[in-house]
Amino acid sequence: MGSLAGVPIRSKTAFACAAGSLALLVLVWLLALHVGAFERADQAIFKGFVDLHDHGRIQTLAGHIARLCSPSPWIYFAALPVLVALARRRPRLAAAVAAILIGANVTTQLLKPLLAEPRAHWLLSGEQVVSPASWPSGHATAAMSLALTSVLAAPPRVRPLVAALGAAFAVAVSYSFLTLGWHYPSDVFGGFLVAATWTLLAVGALRATDPRARRRAVAETGEHVPVGEALAPPLAALAAAIVLACLAFVLQPHGVLDYVRGHKTFVVGAAAIGALGLTLATGVMMAVRR
C-alpha cells in the first residue's frame with residue numbers, strides 16, 4: 001500500500017455515507033409529509049409525546065431541557081468543540097467543526113420555508129405556535145450537530161464517552177420539545193439527518209485533503225481504542241435507557257401499561273428517535289476512532 005493509500009478509501013466511504021444520509025433525509029420528507037399512512041403515524045407519535053403534558057413535572061423539566069438548544073445558550077455550547085480542537089492543535093479540524101455547526105443549522109433554516117407544508121395543526125399545542133415551516137427541526141439539528149462535532153473534536157480515548165453523552169443529550173432535547181408540542185417526530189429525524197450529512201461531508205473532506213492523515217494515524221496508534229472499548233459507553237447508554245424504562249414500569253406498572261396500550265405507535269417512534277441518535281453518534285465515533 002502506498003503512503004496515502006488508506007486516505008482516499010476513508011474519504012470515499014465518508015462521502016458515500018453522507019450520500020446515504022441525504023437519501024434518508026429526502027425519504028423522511030417524502031414519507032412524513034406526502035404519504036398518508038406515515039403522516040398518521042407521525043401524528044400518533046406526536047400525540048403520545050404531547051399527552052405527557054398531563055404530568056406537570058415532566059412539562060417543567062422538558063421546558064428546561066428543550067431550551068438548552070435555543071440560540072442564546074447553544075452558541076456558547078457550540079464554541080466548546082471548536083476550542084477543544086484548537087487546544088489539540090488541530091486548526092483544520094476546528095475549521096471543519098465550525099463549518100458543520102454553521103452549515104447544518106443554516107441548511108435547516110433554509111429548508112424550513114422551502115419545504116413548508118400544511119399539517120394537522122389541530123393536534124399542535126404547547127407554548128409555541130408551530131407554523132407549516134417546521135421541517136426539519138432547528139432544535140434537533142442544533143443538538144445533533146453539537147453532539148457529532150463534540151465527538152470529532154474530542155481526543156480518541158474519550159470519544160466513546162462523548163458519543164454516548166452526546167447522543168443522550170440530543171435525544172433528551174428532542175424528547176423534551178416533542179413533549180411541549182413544538183414539532184412533529186419527523187422534524188426530529190430530519191434535523192438529525194441534516195447534522196449527520198454535514199458531519200460526514202466534513203469528515204470526507206478532511207480525509208481527502210490532508211496528506212498527513214495516514215502519518216498522523218500511525219503516530220496516534222497508541223491512542224487507538226479497541227472496538228470493544230469504543231462500543232462500551234454507547235451500549236451502557238442503551239442499557240441505562242432500558243433500566244429507566246423498567247424502573248418506570250416497576251414504580252407505576254398500571255399507569256405505564258395503560259399509556260403503552262393507548263399509545264403503541266408512540267412507543268415505536270420514541271424508540272426509533274433514540275436509536276437513530278445513538279446510531280449516528282456511535283457511527284461517527286467509530287469512523288474516527290484514530
# chains A, B, ... in the order shown; residues from 1 in each chain; ligands from 1
>>> closest_atom_pairs(of="range 101-167 of chain A", to="range 79-83 of chain A", cutoff="10 Å", atoms="only C-alpha atoms", output="tab-separated table")
residue	atom	partner	partner_atom	distance
A:Leu101	CA	A:Ala79	CA	9.5
A:Leu146	CA	A:Pro81	CA	7.9
A:Ala147	CA	A:Pro81	CA	9.2
A:Leu148	CA	A:Pro81	CA	9.5
A:Thr149	CA	A:Pro81	CA	6.3
A:Ser150	CA	A:Pro81	CA	5.1
A:Val151	CA	A:Pro81	CA	8.4
A:Leu152	CA	A:Pro81	CA	8.0
A:Ala153	CA	A:Pro81	CA	5.5
A:Ala154	CA	A:Pro81	CA	7.5
>>> residues_around(residues="range 166-170 of chain A", least_positions_apart="2", cutoff="6 Å", atoms="only C-alpha atoms", output="list in words")
Ala143, Met144, Ala147, Val162, Ala163, Ala164, Ala172, Val173, Gly277, Leu278 and Ala281 of chain A
>>> atom_distance(atom1="CA of Leu52 in chain A", atom2="CA of Ala116 in chain A")
27.0 Å
>>> select_by_dssp(residues="range 3-152 of chain A", states="helix (DSSP H, G or I)", output="number ranges by chain")
A: 6-34, 36-54, 56-69, 71-87, 91-114, 121-123, 138-152
>>> write_last_selection(atoms="C-alpha atoms", output="short mmCIF file (atom, residue, chain, number, x, y, z; two decimals), in the first residue's frame")
data_model
loop_
_atom_site.label_atom_id
_atom_site.label_comp_id
_atom_site.auth_asym_id
_atom_site.auth_seq_id
_atom_site.Cartn_x
_atom_site.Cartn_y
_atom_site.Cartn_z
CA GLY A 6 -5.78 4.45 3.04
CA VAL A 7 -6.85 8.08 2.80
CA PRO A 8 -8.96 8.06 -0.42
CA ILE A 9 -10.78 4.91 0.74
CA ARG A 10 -11.76 6.54 4.00
CA SER A 11 -12.85 9.73 2.25
CA LYS A 12 -14.90 7.81 -0.30
CA THR A 13 -16.58 5.87 2.49
CA ALA A 14 -17.42 9.08 4.33
CA PHE A 15 -18.82 10.67 1.17
CA ALA A 16 -20.85 7.51 0.45
CA CYS A 17 -22.29 7.60 3.97
CA ALA A 18 -23.10 11.30 3.50
CA ALA A 19 -24.98 10.42 0.31
CA GLY A 20 -26.87 7.73 2.19
CA SER A 21 -27.76 10.18 4.96
CA LEU A 22 -29.00 12.68 2.37
CA ALA A 23 -31.10 9.97 0.71
CA LEU A 24 -32.66 9.10 4.09
CA LEU A 25 -33.35 12.78 4.66
CA VAL A 26 -35.27 13.00 1.38
CA LEU A 27 -37.11 9.76 2.16
CA VAL A 28 -38.23 11.02 5.58
CA TRP A 29 -39.53 14.20 3.99
CA LEU A 30 -41.44 12.31 1.31
CA LEU A 31 -42.97 9.78 3.71
CA ALA A 32 -43.85 12.11 6.58
CA LEU A 33 -45.31 14.93 4.51
CA HIS A 34 -46.66 13.18 1.42
CA GLY A 36 -50.93 9.35 4.31
CA ALA A 37 -50.05 6.28 6.41
CA PHE A 38 -46.79 7.82 7.56
CA GLU A 39 -48.42 11.20 8.20
CA ARG A 40 -50.91 9.48 10.51
CA ALA A 41 -48.13 7.59 12.26
CA ASP A 42 -46.25 10.87 12.71
CA GLN A 43 -49.36 12.41 14.27
CA ALA A 44 -49.90 9.40 16.56
CA ILE A 45 -46.32 9.54 17.85
CA PHE A 46 -46.68 13.30 18.33
CA LYS A 47 -49.87 12.83 20.34
CA GLY A 48 -48.14 10.29 22.55
CA PHE A 49 -45.49 12.83 23.47
CA VAL A 50 -47.94 15.72 23.97
CA ASP A 51 -50.20 13.62 26.20
CA LEU A 52 -47.32 13.51 28.68
CA HIS A 53 -48.34 17.13 29.36
CA ASP A 54 -50.72 15.74 31.97
CA GLY A 56 -46.73 18.72 35.43
CA ARG A 57 -43.19 17.82 36.50
CA ILE A 58 -42.43 16.33 33.09
CA GLN A 59 -43.59 19.51 31.37
CA THR A 60 -41.40 21.72 33.59
CA LEU A 61 -38.33 19.54 33.11
CA ALA A 62 -38.96 19.33 29.35
CA GLY A 63 -39.06 23.12 29.10
CA HIS A 64 -35.65 23.47 30.76
CA ILE A 65 -34.00 20.77 28.64
CA ALA A 66 -35.51 21.90 25.31
CA ARG A 67 -34.25 25.45 25.79
CA LEU A 68 -30.65 24.26 26.03
CA CYS A 69 -30.67 24.32 22.22
CA PRO A 71 -29.98 30.19 20.12
CA SER A 72 -28.69 32.02 23.20
CA PRO A 73 -27.28 29.11 25.26
CA TRP A 74 -26.46 26.97 22.21
CA ILE A 75 -23.99 29.44 20.72
CA TYR A 76 -21.84 29.13 23.86
CA PHE A 77 -22.05 25.33 23.84
CA ALA A 78 -21.11 25.32 20.14
CA ALA A 79 -17.87 27.16 20.88
CA LEU A 80 -16.64 24.29 23.06
CA PRO A 81 -15.80 21.70 20.33
CA VAL A 82 -14.08 24.42 18.30
CA LEU A 83 -11.97 25.40 21.29
CA VAL A 84 -11.17 21.77 22.09
CA ALA A 85 -9.95 21.18 18.53
CA LEU A 86 -7.79 24.30 18.71
CA ALA A 87 -6.40 23.23 22.10
CA PRO A 91 -6.81 24.02 13.22
CA ARG A 92 -8.23 22.20 10.17
CA LEU A 93 -10.45 20.13 12.45
CA ALA A 94 -11.56 23.30 14.26
CA ALA A 95 -12.49 24.84 10.92
CA ALA A 96 -14.40 21.69 9.93
CA VAL A 97 -16.27 21.68 13.25
CA ALA A 98 -17.26 25.32 12.76
CA ALA A 99 -18.36 24.55 9.19
CA ILE A 100 -20.57 21.70 10.39
CA LEU A 101 -22.17 23.74 13.15
CA ILE A 102 -22.87 26.69 10.85
CA GLY A 103 -23.66 24.73 7.70
CA ALA A 104 -26.08 22.25 9.28
CA ASN A 105 -28.07 24.89 11.14
CA VAL A 106 -28.20 27.32 8.22
CA THR A 107 -29.31 24.46 5.96
CA THR A 108 -32.17 23.65 8.30
CA GLN A 109 -33.30 27.28 8.44
CA LEU A 110 -33.27 27.44 4.62
CA LEU A 111 -35.15 24.16 4.22
CA LYS A 112 -37.97 25.16 6.58
CA PRO A 113 -39.61 27.78 4.32
CA LEU A 114 -38.67 25.95 1.11
CA HIS A 121 -52.47 21.90 13.39
CA TRP A 122 -55.45 20.77 15.42
CA LEU A 123 -53.01 18.36 17.08
CA GLY A 138 -33.87 23.52 14.24
CA HIS A 139 -33.53 22.31 17.83
CA ALA A 140 -32.85 18.74 16.70
CA THR A 141 -30.28 19.97 14.18
CA ALA A 142 -28.58 22.10 16.82
CA ALA A 143 -28.49 19.28 19.36
CA MET A 144 -27.18 16.62 16.98
CA SER A 145 -24.64 18.88 15.26
CA LEU A 146 -23.27 19.77 18.70
CA ALA A 147 -23.12 16.09 19.68
CA LEU A 148 -21.35 14.98 16.48
CA THR A 149 -18.84 17.83 16.41
CA SER A 150 -18.01 17.13 20.05
CA VAL A 151 -17.18 13.57 19.04
CA LEU A 152 -14.91 14.82 16.25
#
>>> atom_distance(atom1="CA of Leu276 in chain A", atom2="CA of Phe177 in chain A")
16.9 Å
>>> atom_distance(atom1="CA of Met286 in chain A", atom2="CA of Asp187 in chain A")
26.1 Å
>>> closest_residue(among="A:Val268, A:Ser176, A:Ser186, A:Val284", to="Ala202 in chain A", atoms="only C-alpha atoms")
A:Val284
>>> closest_residue(among="A:Ala196, A:Val203, A:Ala248, A:Ala208", to="Thr279 in chain A", atoms="only C-alpha atoms")
A:Ala196
>>> closest_residue(among="A:Arg119, A:Val288, A:Arg157, A:Ser174", to="Leu206 in chain A", atoms="only C-alpha atoms")
A:Val288
